[in-house]
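This report concerns only the one structure given below.
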Amino acid sequence: MVGKSKIKPYQGAAGGWGSLISSARHLLKSGRPVRGVKTLLNLNQGEGFDCPGCAWGDPEATSSFEFCENGVKAVAWEATSKKVTAEFFEKHTVTELLGWDGYALESQGRLTEPMVYNPGTGRYEAINWPDAFALIGAELNALESPAQAAFYTSGRTSNEAAFLYQLLAREFGTNNLPDCSNMCHEPSGVALKETIGTGKGTVRLEDFEQAQAIFIFGQNPGTNHPRMLGDLQRAAARGCKIVSFNPLRERGLEKFADPKHIKGLLPGAGEKISSHYFQLRIGGDRAAALGIMKHLWAMEQKGGRVFDHTFIKQHTTGLKSVLALLDQTRWREIESQSGLAKEDLAIPAKIYARSKATIFTWAMGITQHQGATETIQTLVNLQLLKGNVGKPGAGICPVRGHSNVQGDRTMGIDHQPTPAFLDLLDKEFKIKSPRKPGLSSVEVIEAMAAGKVRVFIGLGGNFAAASPATALTEKALRACDLTVHISTKLNRSHLVHGKKALILPTLGRTEIDFQSAGPQMISVEDSMSMVHASSGLNMPASKDLRSEVAIVCGMARAALLGSKTPWREFKRDYGLIRDRIEQVIPGFEAFNERIAVPGGFYLGNSAAGRIWNTKTGKAAFFAHPLQQRSKQEGKVFTLTTFRSHDQYNTSIYGLNDRYRGVKGTREVLFMNPEDISAQGLTPETLVDVRNAEGKGKLKGFRLVPYNIPRGNVAAYFPEANVLVAIDAYDRRSKTPASKSIPVIIRKSL
Ligand SMILES: Nc1nc2c(c(=O)[nH]1)N[C@H]1C(S)=C(S)[C@@H](COP(=O)(O)OP(=O)(O)OC[C@H]3O[C@@H](n4cnc5c(=O)[nH]c(N)nc54)[C@H](O)[C@@H]3O)O[C@H]1N2
Ligand SMILES: Nc1nc2c(c(=O)[nH]1)N[C@H]1C(S)=C(S)[C@@H](COP(=O)(O)OP(=O)(O)OC[C@H]3O[C@@H](n4cnc5c(=O)[nH]c(N)nc54)[C@H](O)[C@@H]3O)O[C@H]1N2
Ligand SMILES: [Mo]
């Protein structure tokens, strides 16, 4: 995928003109610049559609023009005029397409009609919808057990489609509902449920207006949550301390010029975001948090009255064990794991001690490690010390990825549902859901490879490319009797298919969803638990597209013989689905009325009201010691994988990563210049990167000297997924450890 590439450090602020120019380019590339602009004007508006980009919250009853460069790219990518038709598949066999990269595949445009794989010709061929559904029904019913099917979801799926999809799986008889969240924020959910009694974040957007300090761990909002920069900039401007923990200097965490304001477009524009920046080692966050706490504990012991004793006494359990752990943990170990000195950590400790209201945000830099769940609980410990949960301007904010990944979980996309949820579902639909927990994403890969799961259905996403251990994942998908992908664009997962295979093209967020009861809206939930409506305004890319809801209903009618569930009516009128959601899921009372209000409604959060739905009825401190680190020899580096500025997960929009100064290529390895010379290498050299345990290899990646701690290197996801071993995951949540991979680097021969 190496084009004409250039690597040169980026000097400007994040945002600004660069953002506007890039947005315009991507609109032009979409082939529909004028309609693109019209489409954008309706983004995240009261009557428009929810941005298919990230899950950052929108100000209530939005009236401002809330869009960002990467929102523009997400919309332009979906609203493109380019199309993949049956003729395209006639011209290209699957074997040929397997040689194309993900960028080339998705660049072909929108899928337009249902396709079925023909083993005789080695090609996908057109199939009509009834026949496609009949094939799914037949294959599902031919299974010996419902547990041989898996229903994967990616987080763009609407609440309505997600609710019906999990109902289909459970009525069919399985909890095998793996989802992208298993590879994403699962550790956040697992950790928070145990500590504060809810898996969701406790802050709302307005808390960012009142916080005195915001700590950002392992997140790159300049690229992945650009609208967050506006909130951070306003906070910084009123003197709120913004403290970032990241192994790399990320431009968006340093300086931002808002392209929505004329001031942001002037030469040299840009305001400081982070007041303090700590470049810790990859995987060093737990050590850093323990170091900060150790300082606080020392201040407290000197009579500093740092802790919120009233809160601790009234609302928590377990402080003693954490204090004992702090006493036991050596500074030497904290310093070596975090890469930060005791004196460095005294700075965030002081800021934290002084701040009356602090927010912690985090994303993949925290969750994609072994021990991630325990690290998150350690961050929560720190917040509990000062009662920073459930008060204005303070709280816990795992910043979600996909625009509706949080909503999908609320709707029951969960391989480990609670009995209470299943009881309500069963009562409402008069079914008997299975009680046995289902399989997560990693477990499904293993089960497919072992022949235990034989039908894989993907509601969105790109399971083959997004999952770890690429070779095994592809083998696993190929071993299935049937693979089905409900998609907007062509991707790798369609090509590493089962013996039988279907591609079912679906509507995107930007398109009008016509059903017999009229155009339908759907609903989504953001990272701040705001539920709001979304309705598209573009004509569908093809008349043969069906909505996700319609496809789920079609599959259900074919698979669930004798089902009493009114699938046909649900497809006609999504309001009827919302009426049922209201009966099953707490917080959705009067759903249809409340969703009609622009800006939507707040679902509420028990922990934000200081109600702790935990075992003890209190918020829990957990003492997690530092992990034992095996002494790595000089040759083993720790690799983290992350997103470039021009991609949405496995959807590659372009080959540039503006803020990191990379142009025209993705096959690069970021490395500390001193490490480069210590290894006897030079910048731009091509290197091979091998998993240190012999599990996967990348060839011919270009070395980019970068401001990253020694011993640490970085490369882009999904290319680097071949290096993530299937058994390298966080034990509690089973989330792949794709941000700390032991690797060995050699000059390419
Ligand atoms: N434009 C765009 N927007 C997106 C996405 C996209 O691909 N493109 N993806 C969406 C999804 S699904 C998600 S989950 C989010 C992802 O949003 P992020 O979590 O911001 O995504 P990553 O690019 O994986 O970046 C992780 C950050 O963590 C840092 N990091 C790596 N290892 C460590 C570590 O050990 N400790 C610390 N403290 N930091 C570390 C990296 O340097 C990087 O800055 O974004 C969502 N929004
Ligand atoms: N090494 C490494 N691996 C990672 C990560 C990492 O940081 N490093 N991040 C992980 C994370 S956080 C996540 S969330 C996963 C992402 O995993 P997924 O969610 O499975 O992958 P995406 O790339 O978001 O899926 C892209 C595809 O979704 C389809 N699509 C787009 N919009 C729609 C829509 O509206 N409806 C439907 N039905 N389909 C649509 C398109 O066909 C497109 O090709 O990857 C994970 N994998
Ligand atoms: Mo994600």
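Letters A, B, ... mark the chains of the structure tokens in the order given; residue numbers begin at 1 per chain; ligand numbers begin at 1, in order shown.
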
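Residues lying within 9 Å of Tyr103 in chain A, counting only C-alpha atoms and ignoring same-chain neighbours fewer than 2 positions away, are A:Met1, A:Trp100, A:Asp101, A:Leu105, A:Glu106, A:Ser107, A:Gln108, A:Asn491, A:Thr650, A:Ser651, A:Ile652, A:Tyr653, A:Gly654, A:Leu655.
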
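Residue-level DSSP output for range 570-698 of chain A, from the backbone, shows strand (DSSP E) at Phe601, Tyr602, Ala619, Ala620, Val636, Phe637, Thr638, Leu639, Thr640, Thr641, Phe642, Gln647, Tyr648, Ser651, Ile652, Val662, Lys663, Val668, Leu669, Phe670, Met671, Leu686, Val687, Asp688, Val689, Arg690, Asn691, Lys697 and Leu698 of chain A.
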
Just the selected residues (N, CA, C and O atoms), exported as a CSV table (one decimal), in the first residue's frame, please.
chain,number,residue,atom,x,y,z
A,601,PHE,N,-33.1,12.3,25.3
A,601,PHE,CA,-33.2,12.3,26.7
A,601,PHE,C,-32.0,11.6,27.4
A,601,PHE,O,-31.3,10.8,26.7
A,602,TYR,N,-31.9,11.9,28.6
A,602,TYR,CA,-30.8,11.3,29.4
A,602,TYR,C,-31.3,10.0,30.1
A,602,TYR,O,-32.3,10.1,30.8
A,619,ALA,N,-19.5,1.9,46.7
A,619,ALA,CA,-18.5,1.9,45.7
A,619,ALA,C,-17.3,1.2,46.3
A,619,ALA,O,-17.0,1.3,47.5
A,620,ALA,N,-16.6,0.4,45.4
A,620,ALA,CA,-15.5,-0.5,46.0
A,620,ALA,C,-14.1,0.0,45.5
A,620,ALA,O,-13.9,0.2,44.4
A,636,VAL,N,13.8,-7.1,22.8
A,636,VAL,CA,12.3,-7.1,22.8
A,636,VAL,C,11.7,-5.7,23.0
A,636,VAL,O,12.0,-5.1,24.0
A,637,PHE,N,10.9,-5.3,22.0
A,637,PHE,CA,10.2,-4.0,22.2
A,637,PHE,C,8.8,-4.2,22.5
A,637,PHE,O,8.2,-5.3,22.2
A,638,THR,N,8.1,-3.2,23.1
A,638,THR,CA,6.7,-3.3,23.2
A,638,THR,C,6.0,-2.4,22.2
A,638,THR,O,6.3,-1.2,22.1
A,639,LEU,N,5.2,-3.1,21.4
A,639,LEU,CA,4.5,-2.4,20.3
A,639,LEU,C,3.1,-2.1,20.7
A,639,LEU,O,2.3,-2.9,21.2
A,640,THR,N,2.7,-0.8,20.4
A,640,THR,CA,1.3,-0.5,20.5
A,640,THR,C,0.7,-0.3,19.1
A,640,THR,O,1.4,0.1,18.2
A,641,THR,N,-0.6,-0.5,19.0
A,641,THR,CA,-1.2,-0.3,17.6
A,641,THR,C,-2.3,0.8,17.8
A,641,THR,O,-3.0,0.8,18.8
A,642,PHE,N,-2.3,1.7,16.8
A,642,PHE,CA,-3.3,2.7,16.9
A,642,PHE,C,-3.9,3.2,15.6
A,642,PHE,O,-3.5,2.6,14.5
A,647,GLN,N,-8.5,7.1,9.0
A,647,GLN,CA,-9.2,5.8,9.0
A,647,GLN,C,-10.3,5.8,10.0
A,647,GLN,O,-10.3,6.6,10.9
A,648,TYR,N,-11.2,4.9,9.7
A,648,TYR,CA,-12.2,4.6,10.8
A,648,TYR,C,-12.1,3.1,11.0
A,648,TYR,O,-12.6,2.3,10.3
A,651,SER,N,-11.8,0.8,8.1
A,651,SER,CA,-12.1,1.5,6.9
A,651,SER,C,-11.0,2.6,6.7
A,651,SER,O,-10.9,3.5,7.6
A,652,ILE,N,-10.2,2.4,5.7
A,652,ILE,CA,-9.1,3.4,5.5
A,652,ILE,C,-9.6,4.4,4.5
A,652,ILE,O,-9.9,4.1,3.3
A,662,VAL,N,2.9,11.8,8.6
A,662,VAL,CA,3.1,10.7,7.7
A,662,VAL,C,2.2,10.9,6.5
A,662,VAL,O,1.0,11.1,6.7
A,663,LYS,N,2.8,10.8,5.3
A,663,LYS,CA,2.0,11.0,4.1
A,663,LYS,C,2.2,9.8,3.1
A,663,LYS,O,3.3,9.4,2.8
A,668,VAL,N,4.4,1.7,8.4
A,668,VAL,CA,5.5,2.4,9.1
A,668,VAL,C,5.6,1.9,10.5
A,668,VAL,O,4.6,1.4,11.1
A,669,LEU,N,6.8,2.0,11.1
A,669,LEU,CA,7.0,1.7,12.5
A,669,LEU,C,7.6,2.9,13.2
A,669,LEU,O,8.6,3.4,12.8
A,670,PHE,N,6.8,3.4,14.2
A,670,PHE,CA,7.3,4.6,14.9
A,670,PHE,C,8.3,4.1,16.0
A,670,PHE,O,8.0,3.2,16.8
A,671,MET,N,9.5,4.8,16.1
A,671,MET,CA,10.5,4.3,17.0
A,671,MET,C,11.3,5.5,17.5
A,671,MET,O,11.5,6.4,16.8
A,686,LEU,N,13.8,-0.2,6.0
A,686,LEU,CA,12.7,-1.1,6.0
A,686,LEU,C,13.0,-2.2,7.0
A,686,LEU,O,14.1,-2.8,7.0
A,687,VAL,N,12.1,-2.5,7.9
A,687,VAL,CA,12.3,-3.5,8.9
A,687,VAL,C,11.2,-4.6,8.9
A,687,VAL,O,10.1,-4.3,8.5
A,688,ASP,N,11.5,-5.7,9.5
A,688,ASP,CA,10.5,-6.8,9.7
A,688,ASP,C,10.2,-6.8,11.2
A,688,ASP,O,11.1,-6.6,12.0
A,689,VAL,N,9.0,-6.9,11.5
A,689,VAL,CA,8.5,-6.9,12.9
A,689,VAL,C,7.9,-8.2,13.2
A,689,VAL,O,7.0,-8.6,12.6
A,690,ARG,N,8.5,-8.9,14.2
A,690,ARG,CA,8.1,-10.2,14.5
A,690,ARG,C,7.5,-10.3,16.0
A,690,ARG,O,8.1,-9.7,16.9
A,691,ASN,N,6.4,-11.0,16.2
A,691,ASN,CA,6.0,-11.2,17.5
A,691,ASN,C,7.0,-12.0,18.2
A,691,ASN,O,7.5,-13.0,17.7
A,697,LYS,N,4.2,-12.1,11.9
A,697,LYS,CA,5.3,-11.3,11.4
A,697,LYS,C,4.8,-10.3,10.3
A,697,LYS,O,3.9,-10.6,9.5
A,698,LEU,N,5.4,-9.1,10.4
A,698,LEU,CA,5.1,-8.0,9.4
A,698,LEU,C,6.4,-7.8,8.6
A,698,LEU,O,7.5,-7.7,9.3

For Gln328 in chain A, list every protein, DNA or RNA residue within 12 Å, evaluated using only C-alpha atoms, and leave out those in the same chain fewer than 6 positions away; present the list as a list in words. Leu290, Gly291, Lys294, Ser321, Val322, Ile334, Ala623, His624, Pro625 and Leu626 of chain A

Dump C-alpha atoms for the selected residues as a PDB file, in the first residue's frame?
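Output (part_16.pdb):
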ATOM      1  CA  LEU A 290      -0.363   4.123  41.988  1.00  0.00           C
ATOM      2  CA  GLY A 291       2.450   6.692  42.076  1.00  0.00           C
ATOM      3  CA  LYS A 294       1.272   7.195  46.885  1.00  0.00           C
ATOM      4  CA  SER A 321      -6.384  -2.628  51.373  1.00  0.00           C
ATOM      5  CA  VAL A 322      -5.470   0.077  48.876  1.00  0.00           C
ATOM      6  CA  ILE A 334       6.556   2.532  39.855  1.00  0.00           C
ATOM      7  CA  ALA A 623      -6.119  -3.183  45.556  1.00  0.00           C
ATOM      8  CA  HIS A 624      -4.360  -4.380  42.421  1.00  0.00           C
ATOM      9  CA  PRO A 625      -0.592  -4.646  42.715  1.00  0.00           C
ATOM     10  CA  LEU A 626       1.657  -3.897  39.790  1.00  0.00           C
TER      11      LEU A 626
END

Using only C-alpha atoms and all ligand atoms, what does the table of chain A residues within 8 Å of ligand 3 look like, with each row giving the shortest atom pair and its distance in Å to one decimal, sorted by chain and ascending number, as JSON lines?
{"residue": "A:Gly155", "atom": "CA", "partner": "ligand 3", "partner_atom_place_in_ligand_line": "1 (Mo)", "distance": 7.9}
{"residue": "A:Cys180", "atom": "CA", "partner": "ligand 3", "partner_atom_place_in_ligand_line": "1 (Mo)", "distance": 6.5}
{"residue": "A:Ser181", "atom": "CA", "partner": "ligand 3", "partner_atom_place_in_ligand_line": "1 (Mo)", "distance": 6.2}
{"residue": "A:Met183", "atom": "CA", "partner": "ligand 3", "partner_atom_place_in_ligand_line": "1 (Mo)", "distance": 6.9}
{"residue": "A:Cys184", "atom": "CA", "partner": "ligand 3", "partner_atom_place_in_ligand_line": "1 (Mo)", "distance": 4.5}
{"residue": "A:His185", "atom": "CA", "partner": "ligand 3", "partner_atom_place_in_ligand_line": "1 (Mo)", "distance": 6.8}
{"residue": "A:Met364", "atom": "CA", "partner": "ligand 3", "partner_atom_place_in_ligand_line": "1 (Mo)", "distance": 7.6}
{"residue": "A:Arg400", "atom": "CA", "partner": "ligand 3", "partner_atom_place_in_ligand_line": "1 (Mo)", "distance": 6.7}
{"residue": "A:Gly401", "atom": "CA", "partner": "ligand 3", "partner_atom_place_in_ligand_line": "1 (Mo)", "distance": 4.1}
{"residue": "A:His402", "atom": "CA", "partner": "ligand 3", "partner_atom_place_in_ligand_line": "1 (Mo)", "distance": 5.7}
{"residue": "A:Val405", "atom": "CA", "partner": "ligand 3", "partner_atom_place_in_ligand_line": "1 (Mo)", "distance": 7.9}
{"residue": "A:Asn649", "atom": "CA", "partner": "ligand 3", "partner_atom_place_in_ligand_line": "1 (Mo)", "distance": 7.7}

Resulting file, chosen residues, N, CA, C and O atoms, as an mmCIF file, in the first residue's frame:
data_model
loop_
_atom_site.group_PDB
_atom_site.id
_atom_site.type_symbol
_atom_site.label_atom_id
_atom_site.label_comp_id
_atom_site.auth_asym_id
_atom_site.auth_seq_id
_atom_site.Cartn_x
_atom_site.Cartn_y
_atom_site.Cartn_z
ATOM 1 N N GLY A 155 -20.522 -1.585 16.349
ATOM 2 C CA GLY A 155 -21.247 -0.568 17.106
ATOM 3 C C GLY A 155 -21.933 0.563 16.360
ATOM 4 O O GLY A 155 -22.265 1.581 16.961
ATOM 5 N N CYS A 180 -18.065 -5.767 18.813
ATOM 6 C CA CYS A 180 -16.804 -5.032 18.710
ATOM 7 C C CYS A 180 -16.358 -4.550 20.079
ATOM 8 O O CYS A 180 -15.176 -4.377 20.341
ATOM 9 N N SER A 181 -17.310 -4.342 20.964
ATOM 10 C CA SER A 181 -17.001 -3.902 22.308
ATOM 11 C C SER A 181 -16.061 -4.877 23.029
ATOM 12 O O SER A 181 -15.242 -4.472 23.860
ATOM 13 N N MET A 183 -13.560 -6.083 21.883
ATOM 14 C CA MET A 183 -12.180 -5.746 21.500
ATOM 15 C C MET A 183 -11.866 -4.302 21.864
ATOM 16 O O MET A 183 -10.845 -3.758 21.466
ATOM 17 N N CYS A 184 -12.782 -3.679 22.607
ATOM 18 C CA CYS A 184 -12.738 -2.215 22.746
ATOM 19 C C CYS A 184 -12.843 -1.818 24.221
ATOM 20 O O CYS A 184 -11.863 -1.836 24.943
ATOM 21 N N HIS A 185 -14.047 -1.488 24.675
ATOM 22 C CA HIS A 185 -14.216 -0.985 26.042
ATOM 23 C C HIS A 185 -14.737 -2.042 27.020
ATOM 24 O O HIS A 185 -15.175 -1.686 28.109
ATOM 25 N N MET A 364 -8.675 3.511 24.290
ATOM 26 C CA MET A 364 -8.005 2.237 23.994
ATOM 27 C C MET A 364 -6.589 2.098 24.567
ATOM 28 O O MET A 364 -6.098 0.991 24.749
ATOM 29 N N ARG A 400 -16.329 6.200 24.479
ATOM 30 C CA ARG A 400 -16.642 5.047 23.629
ATOM 31 C C ARG A 400 -16.177 5.256 22.202
ATOM 32 O O ARG A 400 -15.922 6.371 21.781
ATOM 33 N N GLY A 401 -16.185 4.159 21.470
ATOM 34 C CA GLY A 401 -15.699 4.205 20.100
ATOM 35 C C GLY A 401 -16.795 4.418 19.094
ATOM 36 O O GLY A 401 -17.173 5.559 18.795
ATOM 37 N N HIS A 402 -17.354 3.340 18.587
ATOM 38 C CA HIS A 402 -18.416 3.423 17.594
ATOM 39 C C HIS A 402 -19.572 4.256 18.127
ATOM 40 O O HIS A 402 -19.869 4.235 19.327
ATOM 41 N N VAL A 405 -22.092 2.071 20.097
ATOM 42 C CA VAL A 405 -21.653 0.848 20.782
ATOM 43 C C VAL A 405 -22.243 0.781 22.193
ATOM 44 O O VAL A 405 -22.621 -0.290 22.678
ATOM 45 N N ASN A 649 -11.392 2.743 12.041
ATOM 46 C CA ASN A 649 -11.099 1.332 12.303
ATOM 47 C C ASN A 649 -10.531 0.689 11.042
ATOM 48 O O ASN A 649 -9.532 1.154 10.525
#

For a quick check of understanding, using only C-alpha atoms, which of A:Ser23, A:Ser542, A:Asn246, A:Gln583 has the smallest distance to Lys83 in chain A? A:Ser542

Excluding same-chain residues fewer than 5 positions from range 546-552 of chain A, what lies within 8 Å of it counting only C-alpha atoms, as a count of residues only? 14

Can you pull out the residues contacting Leu20 in chain A? Cut-off 12 Å, using only C-alpha atoms, and skip same-chain residues under 4 positions away; I want them as a PyMOL selection string. chain A and resi 14-16+24-27+67-73+257-262+264-265

Create the file for the chosen residues now, containing C-alpha atoms and written as a PDB file, in the first residue's frame.
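The result, written out as again-v8.pdb:
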ATOM      1  CA  ALA A  14      -4.791  20.158  15.335  1.00  0.00           C
ATOM      2  CA  GLY A  15      -7.890  21.404  13.501  1.00  0.00           C
ATOM      3  CA  GLY A  16      -7.594  24.789  11.765  1.00  0.00           C
ATOM      4  CA  ALA A  24     -13.064  19.435   1.286  1.00  0.00           C
ATOM      5  CA  ARG A  25     -10.737  16.861  -0.298  1.00  0.00           C
ATOM      6  CA  HIS A  26     -12.665  13.961   1.148  1.00  0.00           C
ATOM      7  CA  LEU A  27     -15.973  15.457   0.002  1.00  0.00           C
ATOM      8  CA  PHE A  67     -19.229  18.740  12.798  1.00  0.00           C
ATOM      9  CA  CYS A  68     -15.597  17.902  12.630  1.00  0.00           C
ATOM     10  CA  GLU A  69     -13.122  16.854   9.974  1.00  0.00           C
ATOM     11  CA  ASN A  70     -13.347  13.192  10.782  1.00  0.00           C
ATOM     12  CA  GLY A  71     -17.136  13.358  10.967  1.00  0.00           C
ATOM     13  CA  VAL A  72     -16.980  14.788   7.447  1.00  0.00           C
ATOM     14  CA  LYS A  73     -14.831  11.876   6.340  1.00  0.00           C
ATOM     15  CA  ALA A 257      -7.491  25.541  16.457  1.00  0.00           C
ATOM     16  CA  ASP A 258     -11.264  25.298  16.075  1.00  0.00           C
ATOM     17  CA  PRO A 259     -12.048  25.319  12.337  1.00  0.00           C
ATOM     18  CA  LYS A 260     -15.625  26.394  13.116  1.00  0.00           C
ATOM     19  CA  HIS A 261     -14.419  29.821  14.268  1.00  0.00           C
ATOM     20  CA  ILE A 262     -12.681  32.347  12.096  1.00  0.00           C
ATOM     21  CA  GLY A 264      -9.111  29.174  14.378  1.00  0.00           C
ATOM     22  CA  LEU A 265      -8.296  29.737  10.732  1.00  0.00           C
TER      23      LEU A 265
END

Mind dumping a table of every range 382-492 of chain A residue within 7 Å of range 714-736 of chain A, with the nearest atom pair and its distance in Å to one decimal, using only C-alpha atoms, sorted by chain and rising number, as a Markdown table?
| residue | atom | partner | partner_atom | distance |
| --- | --- | --- | --- | --- |
| A:Val442 | CA | A:Lys734 | CA | 6.9 |
| A:Ala465 | CA | A:Pro718 | CA | 6.2 |
| A:Ala466 | CA | A:Pro718 | CA | 6.2 |
| A:Pro468 | CA | A:Val724 | CA | 5.2 |
| A:Ala469 | CA | A:Val722 | CA | 5.2 |
| A:Thr470 | CA | A:Val722 | CA | 4.9 |
| A:Ala471 | CA | A:Val722 | CA | 6.9 |

Taking 3 positions as the minimum chain separation for residues in the same chain, which residues sit within 7 Å of Asn220 in chain A when counting only C-alpha atoms? Answer as a PyMOL selection string. chain A and resi 223-224+250+252

Residues within 10 Å of Leu495 in chain A, only C-alpha atoms, excluding chain neighbours under 3 positions, as a PyMOL selection string: chain A and resi 93-98+117+123-124+464+474+477-478+490-492+498+501+503

Residues from last step as file, N, CA, C and O atoms, as a short mmCIF file (atom, residue, chain, number, x, y, z; two decimals), in the first residue's frame:
data_model
loop_
_atom_site.label_atom_id
_atom_site.label_comp_id
_atom_site.auth_asym_id
_atom_site.auth_seq_id
_atom_site.Cartn_x
_atom_site.Cartn_y
_atom_site.Cartn_z
N THR A 93 -12.88 -12.15 -9.39
CA THR A 93 -13.10 -13.34 -8.55
C THR A 93 -12.71 -13.02 -7.12
O THR A 93 -11.96 -12.06 -6.86
N VAL A 94 -13.17 -13.84 -6.19
CA VAL A 94 -12.80 -13.65 -4.78
C VAL A 94 -11.29 -13.80 -4.63
O VAL A 94 -10.65 -13.04 -3.90
N THR A 95 -10.72 -14.76 -5.32
CA THR A 95 -9.26 -14.95 -5.24
C THR A 95 -8.53 -13.68 -5.65
O THR A 95 -7.57 -13.26 -5.00
N GLU A 96 -9.00 -13.03 -6.70
CA GLU A 96 -8.35 -11.79 -7.12
C GLU A 96 -8.52 -10.71 -6.03
O GLU A 96 -7.56 -10.05 -5.64
N LEU A 97 -9.73 -10.60 -5.52
CA LEU A 97 -10.00 -9.54 -4.52
C LEU A 97 -9.20 -9.76 -3.24
O LEU A 97 -8.89 -8.81 -2.52
N LEU A 98 -8.86 -11.01 -2.96
CA LEU A 98 -8.06 -11.28 -1.76
C LEU A 98 -6.69 -10.62 -1.84
O LEU A 98 -6.04 -10.36 -0.83
N TYR A 117 -22.08 -16.36 -2.62
CA TYR A 117 -20.85 -16.91 -3.17
C TYR A 117 -21.16 -18.18 -3.97
O TYR A 117 -21.91 -19.04 -3.50
N ARG A 123 -16.89 -16.76 -7.57
CA ARG A 123 -17.33 -15.35 -7.56
C ARG A 123 -18.58 -15.18 -6.69
O ARG A 123 -19.32 -16.14 -6.46
N TYR A 124 -18.80 -13.94 -6.26
CA TYR A 124 -20.10 -13.59 -5.68
C TYR A 124 -21.07 -13.30 -6.83
O TYR A 124 -20.69 -12.65 -7.82
N ALA A 464 -12.91 -10.04 10.25
CA ALA A 464 -11.63 -10.64 9.83
C ALA A 464 -10.48 -9.67 10.07
O ALA A 464 -9.41 -10.07 10.54
N GLU A 474 -8.91 -15.77 10.10
CA GLU A 474 -9.34 -16.05 8.72
C GLU A 474 -9.62 -17.54 8.53
O GLU A 474 -10.59 -17.93 7.89
N LEU A 477 -13.04 -18.25 10.06
CA LEU A 477 -14.19 -17.84 9.24
C LEU A 477 -14.36 -18.79 8.06
O LEU A 477 -15.48 -19.17 7.69
N ARG A 478 -13.24 -19.20 7.50
CA ARG A 478 -13.30 -20.12 6.34
C ARG A 478 -13.85 -21.50 6.73
O ARG A 478 -14.36 -22.23 5.89
N LEU A 490 -17.65 -3.08 0.78
CA LEU A 490 -16.93 -4.34 0.60
C LEU A 490 -15.71 -4.36 1.53
O LEU A 490 -14.96 -3.39 1.61
N ASN A 491 -15.51 -5.47 2.23
CA ASN A 491 -14.32 -5.55 3.07
C ASN A 491 -13.78 -6.98 3.14
O ASN A 491 -14.37 -7.92 2.60
N ARG A 492 -12.66 -7.11 3.81
CA ARG A 492 -11.92 -8.37 3.87
C ARG A 492 -12.78 -9.53 4.37
O ARG A 492 -12.64 -10.66 3.92
N GLY A 498 -17.16 -18.47 4.57
CA GLY A 498 -17.45 -19.88 4.85
C GLY A 498 -17.77 -20.63 3.57
O GLY A 498 -17.71 -20.07 2.47
N ALA A 501 -21.76 -18.34 1.56
CA ALA A 501 -21.52 -16.97 2.04
C ALA A 501 -22.47 -15.97 1.39
O ALA A 501 -22.81 -16.09 0.20
N ILE A 503 -23.42 -11.63 1.19
CA ILE A 503 -23.18 -10.22 1.54
C ILE A 503 -24.53 -9.53 1.40
O ILE A 503 -25.14 -9.56 0.33
#

Mind checking DSSP for range 294-367 of chain A and telling me the helix (DSSP H, G or I) residues as an MDAnalysis selection string? chainID A and resid 294:301 309:315 319:328 331:338 342:354 364:367

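Using only C-alpha atoms and all ligand atoms, the smallest distance between any of A:Gly365, A:Gly283, A:Pro226, A:Pro130 and ligand 2 comes from A:Gly365.
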
From the list A:Cys397, A:Ala517, A:Met115, A:Ala211, the nearest residue to Leu192 in chain A using only C-alpha atoms is A:Cys397
